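Trainee: Below is final_3.pdb; it holds PDB, C-alpha atoms.
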ATOM      1  CA  MET M  10       0.000   0.000   0.000
ATOM      2  CA  TYR M  11       2.777   2.423   0.959
ATOM      3  CA  LYS M  12       4.547   1.760  -2.354
ATOM      4  CA  CYS M  13       1.363   2.480  -4.302
ATOM      5  CA  VAL M  14       0.716   5.735  -2.426
ATOM      6  CA  VAL M  15       4.237   7.016  -3.055
ATOM      7  CA  LEU M  16       4.043   6.201  -6.773
ATOM      8  CA  ALA M  17       0.633   7.828  -7.040
ATOM      9  CA  LEU M  18       1.841  11.029  -5.366
ATOM     10  CA  ALA M  19       4.883  11.132  -7.608
ATOM     11  CA  TRP M  20       2.693  10.694 -10.693
ATOM     12  CA  LEU M  21       0.330  13.451  -9.593
ATOM     13  CA  ALA M  22       3.305  15.762  -9.150
ATOM     14  CA  GLY M  23       3.943  15.649 -12.891
ATOM     15  CA  ALA M  24       5.756  13.687 -15.561
ATOM     16  CA  TRP M  25       9.050  12.030 -14.696
ATOM     17  CA  ALA M  26      12.152  14.036 -15.540
ATOM     18  CA  ALA M  27      14.117  13.146 -18.665
ATOM     19  CA  CYS M  28      17.073  10.763 -18.371
ATOM     20  CA  PRO M  29      20.573  12.295 -18.241
ATOM     21  CA  SER M  30      22.768  12.066 -21.323
ATOM     22  CA  SER M  31      24.425   8.687 -21.799
ATOM     23  CA  GLY M  32      27.898  10.238 -21.686
ATOM     24  CA  ASP M  33      27.379  11.337 -18.091
ATOM     25  CA  ILE M  34      26.424   7.914 -16.765
ATOM     26  CA  THR M  35      28.360   5.377 -18.889
ATOM     27  CA  PRO M  36      28.565   2.375 -18.395
ATOM     28  CA  CYS M  37      25.142   2.749 -16.741
ATOM     29  CA  THR M  38      22.100   3.468 -18.863
ATOM     30  CA  CYS M  39      18.833   5.206 -18.117
ATOM     31  CA  ARG M  40      15.383   4.584 -19.512
ATOM     32  CA  GLU M  41      12.026   6.180 -18.907
ATOM     33  CA  GLU M  42       8.955   4.067 -18.226
ATOM     34  CA  THR M  43       5.498   4.757 -16.880
ATOM     35  CA  ALA M  44       6.615   3.869 -13.360
ATOM     36  CA  GLY M  45       9.580   6.238 -13.538
ATOM     37  CA  ARG M  46      13.230   6.551 -14.507
ATOM     38  CA  ILE M  47      15.302   3.391 -14.248
ATOM     39  CA  MET M  48      19.084   3.548 -13.827
ATOM     40  CA  GLU M  49      20.498   0.249 -15.113
ATOM     41  CA  CYS M  50      24.098  -0.441 -14.067
ATOM     42  CA  SER M  51      24.660  -4.111 -14.871
ATOM     43  CA  SER M  52      27.831  -3.290 -16.843
ATOM     44  CA  ILE M  53      29.583  -1.746 -13.832
ATOM     45  CA  SER M  54      32.840  -3.570 -13.030
ATOM     46  CA  SER M  55      33.955  -1.919  -9.764
ATOM     47  CA  SER M  56      32.785   0.265  -6.906
ATOM     48  CA  SER M  57      35.004   3.142  -8.020
ATOM     49  CA  GLN M  58      33.350   3.046 -11.434
ATOM     50  CA  LEU M  59      29.903   3.142  -9.833
ATOM     51  CA  VAL M  60      30.854   6.057  -7.586
ATOM     52  CA  ASN M  61      32.198   7.906 -10.624
ATOM     53  CA  VAL M  62      28.843   7.594 -12.421
ATOM     54  CA  PHE M  63      27.096   9.386  -9.587
ATOM     55  CA  SER M  64      29.806  11.988  -9.120
ATOM     56  CA  HIS M  65      28.559  13.863 -12.183
ATOM     57  CA  ASP M  66      26.300  16.872 -11.751
ATOM     58  CA  LEU M  67      23.049  15.384 -13.046
ATOM     59  CA  ALA M  68      20.326  17.876 -13.973
ATOM     60  CA  ASP M  69      17.729  15.942 -11.976
ATOM     61  CA  PRO M  70      19.226  13.387  -9.556
ATOM     62  CA  THR M  71      15.840  12.013  -8.508
ATOM     63  CA  PHE M  72      15.274   8.506  -9.854
ATOM     64  CA  GLN M  73      12.722   5.827  -9.100
ATOM     65  CA  TYR M  74      14.735   2.637  -9.757
ATOM     66  CA  PHE M  75      18.369   1.553  -9.505
ATOM     67  CA  GLN M  76      19.096  -1.953 -10.707
ATOM     68  CA  ILE M  77      21.849  -4.392 -11.543
ATOM     69  CA  VAL M  78      20.194  -7.346 -13.262
ATOM     70  CA  LYS M  79      22.538  -9.560 -15.263
ATOM     71  CA  LEU M  80      20.938 -11.691 -17.967
ATOM     72  CA  SER M  81      24.019 -13.916 -17.898
ATOM     73  CA  GLY M  82      27.148 -14.101 -15.761
ATOM     74  CA  ARG M  83      27.747 -11.863 -12.759
ATOM     75  CA  CYS M  84      28.464  -8.200 -12.152
ATOM     76  CA  THR M  85      31.993  -7.867 -10.716
ATOM     77  CA  LEU M  86      31.055  -5.014  -8.385
ATOM     78  CA  GLU M  87      32.901  -5.981  -5.201
ATOM     79  CA  LYS M  88      31.590  -3.577  -2.552
ATOM     80  CA  VAL M  89      29.070  -0.815  -1.963
ATOM     81  CA  PRO M  90      31.017   2.127  -0.531
ATOM     82  CA  ALA M  91      29.818   5.080   1.542
ATOM     83  CA  ASN M  92      27.521   7.545  -0.231
ATOM     84  CA  VAL M  93      27.578   5.374  -3.358
ATOM     85  CA  PHE M  94      24.825   7.380  -5.086
ATOM     86  CA  GLY M  95      26.249  10.833  -4.342
ATOM     87  CA  SER M  96      23.394  13.335  -4.550
ATOM     88  CA  SER M  97      21.123  10.963  -6.483
ATOM     89  CA  THR M  98      18.127   9.366  -4.799
ATOM     90  CA  PHE M  99      16.166   6.205  -5.500
ATOM     91  CA  MET M 100      12.993   4.542  -4.292
ATOM     92  CA  PHE M 101      13.682   0.941  -5.323
ATOM     93  CA  VAL M 102      17.246  -0.388  -5.247
ATOM     94  CA  TRP M 103      18.163  -3.827  -6.613
ATOM     95  CA  PHE M 104      21.640  -5.383  -6.643
ATOM     96  CA  GLY M 105      21.355  -8.716  -8.450
ATOM     97  CA  GLN M 106      24.010 -11.300  -9.309
ATOM     98  CA  THR M 107      26.908  -9.190  -8.019
ATOM     99  CA  ASP M 108      30.220 -10.080  -6.351
ATOM    100  CA  VAL M 109      29.554  -7.637  -3.510
ATOM    101  CA  VAL M 110      31.315  -8.782  -0.332
ATOM    102  CA  THR M 111      30.648  -5.826   1.946
ATOM    103  CA  VAL M 112      28.286  -2.865   2.194
ATOM    104  CA  ASP M 113      29.404   0.297   3.999
ATOM    105  CA  SER M 114      27.146   1.397   6.863
ATOM    106  CA  ALA M 115      26.821   4.796   5.129
ATOM    107  CA  ALA M 116      26.324   3.338   1.639
ATOM    108  CA  PHE M 117      22.897   4.897   1.129
ATOM    109  CA  GLU M 118      23.518   8.273   2.705
ATOM    110  CA  GLY M 119      21.148  10.800   1.145
ATOM    111  CA  ASN M 120      18.466   8.153   0.517
ATOM    112  CA  GLU M 121      17.177   8.045   4.084
ATOM    113  CA  ILE M 122      13.742   9.388   3.146
ATOM    114  CA  THR M 123      13.344   8.154  -0.428
ATOM    115  CA  MET M 124      14.322   4.475  -0.355
ATOM    116  CA  LEU M 125      11.388   2.059  -0.054
ATOM    117  CA  GLU M 126      12.923  -1.277  -1.063
ATOM    118  CA  LEU M 127      16.487  -2.606  -0.875
ATOM    119  CA  THR M 128      17.415  -5.938  -2.461
ATOM    120  CA  PHE M 129      20.623  -7.958  -2.755
ATOM    121  CA  ALA M 130      19.615 -10.991  -4.815
ATOM    122  CA  ASP M 131      21.945 -13.935  -5.389
ATOM    123  CA  ALA M 132      24.611 -12.225  -3.284
ATOM    124  CA  ASN M 133      26.801 -15.299  -3.053
ATOM    125  CA  LYS M 134      29.960 -13.466  -1.923
ATOM    126  CA  MET M 135      28.392 -11.197   0.699
ATOM    127  CA  THR M 136      29.779 -12.168   4.113
ATOM    128  CA  SER M 137      27.981  -9.660   6.336
ATOM    129  CA  TYR M 138      25.609  -6.707   6.337
ATOM    130  CA  PRO M 139      25.509  -3.618   8.594
ATOM    131  CA  PHE M 140      21.929  -4.280   9.720
ATOM    132  CA  GLU M 141      22.127  -1.520  12.333
ATOM    133  CA  SER M 142      22.397   1.056   9.527
ATOM    134  CA  LEU M 143      18.938   0.139   8.211
ATOM    135  CA  GLY M 144      17.568   2.248  11.057
ATOM    136  CA  ASP M 145      18.629   5.341   9.089
ATOM    137  CA  LEU M 146      16.303   4.488   6.209
ATOM    138  CA  GLN M 147      13.109   6.075   7.450
ATOM    139  CA  SER M 148      10.871   5.003   4.552
ATOM    140  CA  LEU M 149      12.265   1.517   3.924
ATOM    141  CA  TYR M 150       9.567  -1.132   4.130
ATOM    142  CA  LYS M 151      11.259  -4.121   2.432
ATOM    143  CA  PHE M 152      14.773  -5.528   2.880
ATOM    144  CA  PHE M 153      15.803  -8.671   0.990
ATOM    145  CA  VAL M 154      19.017 -10.708   0.756
ATOM    146  CA  SER M 155      19.292 -14.138  -0.884
ATOM    147  CA  ASN M 156      21.973 -16.794  -1.376
ATOM    148  CA  SER M 157      24.621 -14.980   0.646
ATOM    149  CA  LEU M 158      27.476 -16.068   2.926
ATOM    150  CA  ILE M 159      26.040 -14.153   5.877
ATOM    151  CA  ASP M 160      26.297 -16.415   8.932
ATOM    152  CA  THR M 161      25.162 -14.041  11.693
ATOM    153  CA  ILE M 162      22.232 -11.668  11.858
ATOM    154  CA  THR M 163      23.070  -8.755  14.107
ATOM    155  CA  HIS M 164      20.852  -6.015  15.507
ATOM    156  CA  PHE M 165      18.581  -4.170  13.084
ATOM    157  CA  GLY M 166      18.432  -0.432  13.607
ATOM    158  CA  PRO M 167      14.944   0.935  14.455
ATOM    159  CA  ALA M 168      13.702   1.433  10.884
ATOM    160  CA  PRO M 169      10.199   2.806  11.595
ATOM    161  CA  ASN M 170       8.494   1.467   8.468
ATOM    162  CA  LEU M 171      10.392  -1.771   7.860
ATOM    163  CA  THR M 172       7.710  -4.443   7.613
ATOM    164  CA  GLN M 173       9.332  -7.157   5.469
ATOM    165  CA  VAL M 174      12.739  -8.691   6.200
ATOM    166  CA  SER M 175      14.144 -11.612   4.203
ATOM    167  CA  VAL M 176      17.571 -13.212   4.518
ATOM    168  CA  THR M 177      17.107 -16.511   2.714
ATOM    169  CA  GLY M 178      19.211 -19.304   1.252
ATOM    170  CA  SER M 179      22.233 -18.091   3.182
ATOM    171  CA  LYS M 180      24.563 -19.404   5.918
ATOM    172  CA  VAL M 181      22.820 -17.907   8.933
ATOM    173  CA  SER M 182      23.379 -20.078  11.997
ATOM    174  CA  THR M 183      23.391 -17.395  14.702
ATOM    175  CA  ILE M 184      21.142 -14.455  15.545
ATOM    176  CA  THR M 185      22.088 -11.765  18.038
ATOM    177  CA  PRO M 186      19.484 -11.797  20.854
ATOM    178  CA  GLY M 187      17.082  -8.924  20.266
ATOM    179  CA  ALA M 188      18.163  -8.521  16.636
ATOM    180  CA  PHE M 189      14.611  -7.667  15.531
ATOM    181  CA  ALA M 190      13.400  -6.095  18.786
ATOM    182  CA  ASP M 191      13.345  -2.525  17.457
ATOM    183  CA  LEU M 192      11.307  -3.204  14.322
ATOM    184  CA  GLY M 193       7.968  -1.883  15.519
ATOM    185  CA  ARG M 194       6.108  -2.624  12.276
ATOM    186  CA  LEU M 195       7.589  -5.987  11.347
ATOM    187  CA  SER M 196       4.960  -8.164   9.644
ATOM    188  CA  ARG M 197       7.031 -10.718   7.713
ATOM    189  CA  LEU M 198      10.357 -12.262   8.719
ATOM    190  CA  ASP M 199      11.648 -14.839   6.234
ATOM    191  CA  LEU M 200      14.771 -16.842   7.106
ATOM    192  CA  HIS M 201      14.008 -20.021   5.193
ATOM    193  CA  ASP M 202      16.816 -22.268   3.930
ATOM    194  CA  ASN M 203      19.443 -21.274   6.506
ATOM    195  CA  PRO M 204      21.330 -23.693   8.855
ATOM    196  CA  LEU M 205      19.487 -22.520  11.978
ATOM    197  CA  THR M 206      19.736 -25.889  13.682
ATOM    198  CA  SER M 207      18.903 -24.641  17.192
ATOM    199  CA  LEU M 208      16.873 -21.527  18.048
ATOM    200  CA  GLN M 209      18.293 -19.832  21.144
ATOM    201  CA  ASP M 210      16.969 -17.489  23.834
ATOM    202  CA  GLY M 211      16.060 -14.003  22.647
ATOM    203  CA  TRP M 212      16.517 -14.654  18.946
ATOM    204  CA  PHE M 213      12.938 -13.664  18.146
ATOM    205  CA  THR M 214      12.196 -10.968  20.678
ATOM    206  CA  SER M 215       9.762  -8.568  19.031
ATOM    207  CA  SER M 216       8.010  -5.293  19.729
ATOM    208  CA  SER M 217       5.974  -5.326  16.519
ATOM    209  CA  SER M 218       2.476  -3.899  16.619
ATOM    210  CA  GLU M 219       1.635  -5.968  13.533
ATOM    211  CA  PRO M 220       0.491  -9.628  13.411
ATOM    212  CA  TRP M 221       3.883 -10.815  12.190
ATOM    213  CA  VAL M 222       4.672 -14.140  10.542
ATOM    214  CA  LEU M 223       7.949 -16.080  10.712
ATOM    215  CA  TYR M 224       9.200 -18.358   7.900
ATOM    216  CA  LEU M 225      11.769 -20.953   8.993
ATOM    217  CA  ASP M 226      11.212 -23.658   6.380
ATOM    218  CA  ASP M 227      14.111 -25.965   5.495
ATOM    219  CA  CYS M 228      16.488 -24.768   8.217
ATOM    220  CA  SER M 229      17.419 -28.175   9.765
ATOM    221  CA  ILE M 230      15.956 -27.031  13.105
ATOM    222  CA  SER M 231      15.974 -29.787  15.714
ATOM    223  CA  ASP M 232      15.606 -27.748  18.907
ATOM    224  CA  ILE M 233      13.798 -24.552  19.923
ATOM    225  CA  SER M 234      14.468 -22.973  23.304
ATOM    226  CA  PRO M 235      11.375 -21.911  25.296
ATOM    227  CA  GLY M 236      13.019 -18.465  25.480
ATOM    228  CA  ALA M 237      13.494 -18.064  21.724
ATOM    229  CA  PHE M 238      10.276 -16.023  21.474
ATOM    230  CA  SER M 239       9.333 -13.080  23.686
ATOM    231  CA  GLY M 240       7.547  -9.756  23.533
ATOM    232  CA  SER M 241       5.114  -9.603  20.624
ATOM    233  CA  LEU M 242       4.651 -13.245  19.661
ATOM    234  CA  PRO M 243       4.235 -14.278  16.008
ATOM    235  CA  ALA M 244       0.824 -14.812  14.453
ATOM    236  CA  GLY M 245       2.193 -17.722  12.453
ATOM    237  CA  ILE M 246       5.343 -19.843  12.171
ATOM    238  CA  TYR M 247       6.259 -21.993   9.168
ATOM    239  CA  LEU M 248       8.563 -24.832  10.189
ATOM    240  CA  ALA M 249       8.188 -27.170   7.213
ATOM    241  CA  GLY M 250      11.108 -29.364   6.243
ATOM    242  CA  ASN M 251      13.006 -29.211   9.518
ATOM    243  CA  SER M 252      14.329 -31.896  11.901
ATOM    244  CA  LEU M 253      11.934 -31.550  14.820
ATOM    245  CA  THR M 254      10.940 -34.781  16.529
ATOM    246  CA  ALA M 255       8.904 -33.286  19.368
ATOM    247  CA  ILE M 256       6.489 -30.431  20.106
ATOM    248  CA  PRO M 257       7.552 -29.445  23.635
ATOM    249  CA  GLU M 258       4.855 -27.757  25.689
ATOM    250  CA  ALA M 259       7.222 -25.218  27.245
ATOM    251  CA  THR M 260       8.084 -23.840  23.814
ATOM    252  CA  PHE M 261       4.847 -24.104  21.882
ATOM    253  CA  LEU M 262       2.057 -23.603  24.424
ATOM    254  CA  PRO M 263       2.636 -19.819  24.796
ATOM    255  CA  LEU M 264       2.782 -19.434  21.011
ATOM    256  CA  LEU M 265      -0.448 -21.338  20.417
ATOM    257  CA  GLU M 266      -2.269 -19.640  23.297
ATOM    258  CA  ASN M 267      -1.296 -16.303  21.808
ATOM    259  CA  MET M 268      -2.753 -17.329  18.447
ATOM    260  CA  GLU M 269      -5.917 -18.575  20.136
ATOM    261  CA  ALA M 270      -6.365 -15.279  22.014
ATOM    262  CA  ALA M 271      -5.660 -13.207  18.903
ATOM    263  CA  ALA M 272      -8.205 -15.153  16.859
ATOM    264  CA  ALA M 273     -10.797 -14.733  19.612
ATOM    265  CA  ALA M 274     -10.182 -10.978  19.479
ATOM    266  CA  GLY M 275     -10.778 -10.942  15.741
ATOM    267  CA  GLN M 276      -7.126 -10.383  14.817
ATOM    268  CA  LEU M 277      -5.335 -11.880  11.835
ATOM    269  CA  THR M 278      -3.952 -15.265  12.847
ATOM    270  CA  HIS M 279      -2.106 -18.001  10.968
ATOM    271  CA  TYR M 280      -0.828 -21.260  12.492
ATOM    272  CA  ILE M 281       2.288 -23.321  13.142
ATOM    273  CA  ASP M 282       3.144 -25.604  10.235
ATOM    274  CA  PHE M 283       5.115 -28.787  11.018
ATOM    275  CA  ASP M 284       4.998 -30.313   7.540
ATOM    276  CA  GLY M 285       7.914 -32.637   6.779
ATOM    277  CA  ASN M 286       9.180 -33.006  10.353
ATOM    278  CA  ARG M 287       9.557 -36.561  11.644
ATOM    279  CA  LEU M 288       7.546 -36.138  14.820
ATOM    280  CA  VAL M 289       7.591 -38.892  17.436
ATOM    281  CA  CYS M 290       4.123 -39.281  18.928
ATOM    282  CA  ASP M 291       4.183 -40.311  22.578
ATOM    283  CA  CYS M 292       3.016 -38.888  25.896
ATOM    284  CA  GLY M 293       4.900 -35.692  25.092
ATOM    285  CA  VAL M 294       2.276 -34.593  22.549
ATOM    286  CA  GLU M 295      -0.763 -35.343  24.731
ATOM    287  CA  TRP M 296      -1.036 -31.710  25.850
ATOM    288  CA  LEU M 297      -1.626 -30.639  22.250
ATOM    289  CA  ALA M 298      -3.304 -33.654  20.682
ATOM    290  CA  THR M 299      -6.126 -33.544  23.242
ATOM    291  CA  SER M 300      -6.700 -29.766  23.105
ATOM    292  CA  THR M 301      -9.662 -28.828  20.939
ATOM    293  CA  THR M 302      -8.867 -25.128  21.362
ATOM    294  CA  LEU M 303      -5.223 -25.268  20.293
ATOM    295  CA  LEU M 304      -5.319 -27.835  17.480
ATOM    296  CA  PRO M 305      -6.922 -25.391  14.995
ATOM    297  CA  PHE M 306      -3.650 -23.470  15.056
ATOM    298  CA  VAL M 307      -1.502 -26.464  14.106
ATOM    299  CA  ARG M 308      -0.998 -27.855  10.599
ATOM    300  CA  ASN M 309       0.649 -31.044   9.321
ATOM    301  CA  ALA M 310       1.772 -32.384  12.696
ATOM    302  CA  VAL M 311       2.117 -35.969  11.480
ATOM    303  CA  CYS M 312       3.512 -38.871  13.504
ATOM    304  CA  SER M 313       6.456 -40.812  12.094
ATOM    305  CA  ASN M 314       6.706 -43.655  14.586
ATOM    306  CA  GLY M 315       5.251 -47.136  15.041
ATOM    307  CA  ASP M 316       1.641 -47.973  14.370
ATOM    308  CA  VAL M 317       0.645 -44.306  14.160
ATOM    309  CA  SER M 318       3.149 -43.415  11.445
ATOM    310  CA  GLY M 319       1.432 -41.142   8.943
ATOM    311  CA  THR M 320      -1.307 -40.153  11.419
ATOM    312  CA  ASP M 321      -1.923 -36.503  12.222
ATOM    313  CA  ILE M 322      -1.833 -35.896  15.971
ATOM    314  CA  ALA M 323      -5.391 -34.617  15.747
ATOM    315  CA  ASP M 324      -6.457 -38.071  14.535
ATOM    316  CA  LEU M 325      -4.709 -40.252  17.118
ATOM    317  CA  PRO M 326      -7.011 -42.963  18.546
ATOM    318  CA  ALA M 327      -8.854 -42.195  21.761
ATOM    319  CA  ASP M 328      -6.861 -44.744  23.786
ATOM    320  CA  PHE M 329      -3.446 -43.687  22.521
ATOM    321  CA  PHE M 330      -2.608 -41.794  25.721
ATOM    322  CA  ALA M 331      -4.184 -44.284  28.106
ATOM    323  CA  SER M 332      -0.860 -45.215  29.666
ATOM    324  CA  CYS M 333       0.411 -41.641  30.038
TER     325      CYS M 333
END
Translate the structure described by the file into C-alpha cells.
Mentor:
Amino acid sequence: MYKCVVLALAWLAGAWAACPSSGDITPCTCREETAGRIMECSSISSSSQLVNVFSHDLADPTFQYFQIVKLSGRCTLEKVPANVFGSSTFMFVWFGQTDVVTVDSAAFEGNEITMLELTFADANKMTSYPFESLGDLQSLYKFFVSNSLIDTITHFGPAPNLTQVSVTGSKVSTITPGAFADLGRLSRLDLHDNPLTSLQDGWFTSSSSEPWVLYLDDCSISDISPGAFSGSLPAGIYLAGNSLTAIPEATFLPLLENMEAAAAAGQLTHYIDFDGNRLVCDCGVEWLATSTTLLPFVRNAVCSNGDVSGTDIADLPADFFASC
C-alpha cells in the first residue's frame, strides 16, 4: 500500500524528468517508463566506477529505480562504498548477481527518506551486512538478501516502516538476541533455507504492533528454546522441512495460546506448520493432541513412529494416551 501511495503522489506531481545524457552515466544506462526513470548499471565492473557515475552533476538526480540485473554471468562489483549514489536518490534499489562482499554502513547516505525497497539478490559473496544502519532508512519497508554467505544476523536499527525482512538461502546459523526487537512494524520475517539448527533465547524478541509471521522452512531445526520467542509473539510460524521430533509444551504452548487469544479478538492469525518433520508421537504430545482449542492453530503435525506413522496428531485414537 505504501509503495502504491508514493508512486501515485509522484505521478500526480507531474511527468518524470528526462534521463541524463548517456555520456554522463556510462557504463550505466537510463530509460524512462510509466513507473519512472530506471538507472540500469549491470555493466559496472567496480565500486570506483559506480561512484564515478554518480559523481557527475546530473540535472535531476531524482530517480525511481536503480538496478543491476545480469541476464548472464555476474556483475563484478565488489563492494558498496559510503555515499555510493552521491546526490542521487532512489525509491527501489536492486543489486542482483553481483560479487559484492561488503556494504558500507553509510552506503545509502542521502536516501534516508526516499528508499522504499532494498534488495541484494543472489549475493553469493556477501559475508555480512551492517543491519544496524537500516535504522537510518526512514521510509524503507522491504529488505531482501538471498543466497549470501552471511552467517550471523546482528541487531537491526529501528527502521520505523520496515515491515518485510528476508535473509534466505544463506549461511545464517546465529542471531544476536534482540536482533529484531526494534522493528515496531515488522509483519514478515523470512529466514528459510538457513542452517538454523537450534533456536536460542532471545533470537525472536519482538516489539511489533503488527500480526507478524515467521518463515523458517528448510532450516534443519531440531531444537527450539522456550526463550526463543518473547515480547510480541508471532501470528504464524512456518517450520516445514526441519528436523523436529517433538512439540515441547514449554516452547509451543505460549505461542499457540497467543494465536488462540488473537483469533478470539478478531485479529489476523495463521498457524504453526510442522509439515515434513519426523515427529515422534508419545506422551509428550498429549497436551496438544487432546486440546480442541489449540489444534486449529496447528498444521501437518504428522507422527512418524510405530503404528501411528502417517497419522496426524489430531487423529490419534482415543486410547493412545491411556498409559500416560
Trainee: When the PyMOL selection byres ((chain M and resi 224) around 9) is applied to the file above, which residues end up in the set, as a VMD selection string?
Mentor: chain M and resid 197 to 201 222 to 223 225 to 226 245 to 249
Trainee: With all atoms listed in the file as the counted atoms, please give the residues lying no more than 10 Å from range 257-259 of chain M, apart from itself and same-chain residues fewer than 3 positions off, as a PyMOL selection string.
Mentor: chain M and resi 232-236+254+262-265+293-297
Trainee: Show me a table, sorted first by chain and then by increasing residue number, of the residues of range 43-114 of chain M having an atom at most 10 Å from range 119-135 of chain M, each with its shortest atom pair and the distance in Å to one decimal, counting all atoms listed in the file and written as a Markdown table.
Mentor:
| residue | atom | partner | partner_atom | distance |
| --- | --- | --- | --- | --- |
| M:Thr71 | CA | M:Thr123 | CA | 9.3 |
| M:Phe72 | CA | M:Thr123 | CA | 9.6 |
| M:Gln73 | CA | M:Met124 | CA | 9.0 |
| M:Tyr74 | CA | M:Met124 | CA | 9.6 |
| M:Phe75 | CA | M:Leu127 | CA | 9.8 |
| M:Gln76 | CA | M:Thr128 | CA | 9.3 |
| M:Ile77 | CA | M:Phe129 | CA | 9.6 |
| M:Val78 | CA | M:Ala130 | CA | 9.2 |
| M:Arg83 | CA | M:Asp131 | CA | 9.6 |
| M:Glu87 | CA | M:Lys134 | CA | 8.7 |
| M:Lys88 | CA | M:Met135 | CA | 8.9 |
| M:Asn92 | CA | M:Gly119 | CA | 7.3 |
| M:Val93 | CA | M:Gly119 | CA | 9.5 |
| M:Phe94 | CA | M:Gly119 | CA | 8.0 |
| M:Gly95 | CA | M:Gly119 | CA | 7.5 |
| M:Ser96 | CA | M:Gly119 | CA | 6.6 |
| M:Ser97 | CA | M:Gly119 | CA | 7.6 |
| M:Thr98 | CA | M:Asn120 | CA | 5.5 |
| M:Phe99 | CA | M:Met124 | CA | 5.7 |
| M:Met100 | CA | M:Met124 | CA | 4.2 |
| M:Phe101 | CA | M:Glu126 | CA | 4.9 |
| M:Val102 | CA | M:Leu127 | CA | 5.0 |
| M:Trp103 | CA | M:Thr128 | CA | 4.7 |
| M:Phe104 | CA | M:Phe129 | CA | 4.8 |
| M:Gly105 | CA | M:Ala130 | CA | 4.6 |
| M:Gln106 | CA | M:Asp131 | CA | 5.2 |
| M:Thr107 | CA | M:Ala132 | CA | 6.1 |
| M:Asp108 | CA | M:Lys134 | CA | 5.6 |
| M:Val109 | CA | M:Met135 | CA | 5.6 |
| M:Val110 | CA | M:Met135 | CA | 3.9 |
| M:Thr111 | CA | M:Met135 | CA | 6.0 |
| M:Val112 | CA | M:Met135 | CA | 8.5 |
Trainee: Find the smallest box with edges along x, y and z containing every listed atom of range 45-53 of chain M, then add 5 Å on each side and report centre and edge lengths in Å to one decimal, as lines of an AutoDock Vina configuration file.
Mentor:
center_x = 19.6
center_y = 1.2
center_z = -15.2
size_x = 30.0
size_y = 20.7
size_z = 13.3
Trainee: Quick one: distance from CA of Pro204 in chain M to CA of Thr85 in chain M in Å, one decimal?
Mentor: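 So the two atoms, CA of Pro204 in chain M and CA of Thr85 in chain M, lie 27.3 Å apart.
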Trainee: What is the CA of Asn286 in chain M to CA of Gly250 in chain M distance in Å?
Mentor: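 Those two atoms sit 5.8 Å apart.
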Trainee: Using all atoms listed in the file, which of the listed residues (M:Ile184, M:Leu171, M:Ala91, M:Cys228) sits closest to Leu205 in chain M?
Mentor: M:Cys228
Trainee: What does the distance between CA of Ser137 in chain M and CA of Gly193 in chain M come to in Å, to one decimal place?
Mentor: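 Going from CA of Ser137 in chain M over to CA of Gly193 in chain M, I get 23.4 Å.
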Trainee: Nearest to Asp291 in chain M among M:Ile322, M:Leu158, M:Cys28, M:Val307, with distances taken over only C-alpha atoms: which residue is it?
Mentor: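 Looking at the shortest contact to Asp291 in chain M, the residue is M:Ile322.
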Trainee: Residues at most 12 Å from Glu266 in chain M, counting all atoms listed in the file, excluding those fewer than 3 positions away in the same chain, as a CSV table (one decimal) with C-alpha atoms, in the frame of the given file?
Mentor:
chain,number,residue,atom,x,y,z
M,242,LEU,CA,4.7,-13.2,19.7
M,243,PRO,CA,4.2,-14.3,16.0
M,244,ALA,CA,0.8,-14.8,14.5
M,245,GLY,CA,2.2,-17.7,12.5
M,258,GLU,CA,4.9,-27.8,25.7
M,259,ALA,CA,7.2,-25.2,27.2
M,260,THR,CA,8.1,-23.8,23.8
M,261,PHE,CA,4.8,-24.1,21.9
M,262,LEU,CA,2.1,-23.6,24.4
M,263,PRO,CA,2.6,-19.8,24.8
M,269,GLU,CA,-5.9,-18.6,20.1
M,270,ALA,CA,-6.4,-15.3,22.0
M,271,ALA,CA,-5.7,-13.2,18.9
M,272,ALA,CA,-8.2,-15.2,16.9
M,273,ALA,CA,-10.8,-14.7,19.6
M,278,THR,CA,-4.0,-15.3,12.8
M,280,TYR,CA,-0.8,-21.3,12.5
M,281,ILE,CA,2.3,-23.3,13.1
M,297,LEU,CA,-1.6,-30.6,22.2
M,300,SER,CA,-6.7,-29.8,23.1
M,302,THR,CA,-8.9,-25.1,21.4
M,303,LEU,CA,-5.2,-25.3,20.3
M,304,LEU,CA,-5.3,-27.8,17.5
M,305,PRO,CA,-6.9,-25.4,15.0
M,306,PHE,CA,-3.6,-23.5,15.1
M,307,VAL,CA,-1.5,-26.5,14.1
Trainee: Would you please work out which residue, of M:Asp227, M:Glu42, M:Asp33, M:Asp321, is nearest to His65 in chain M when using all atoms listed in the file?
Mentor: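 Of all the options, M:Asp33 lies closest to His65 in chain M.
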Trainee: Name the closest residue to Gly144 in chain M among the candidates M:Asp210, M:Ile159, M:Leu288, M:Glu118; distances are taken between atoms, counting all atoms listed in the file.
Mentor: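 Counting all atoms listed in the file, the residue closest to Gly144 in chain M is M:Glu118.
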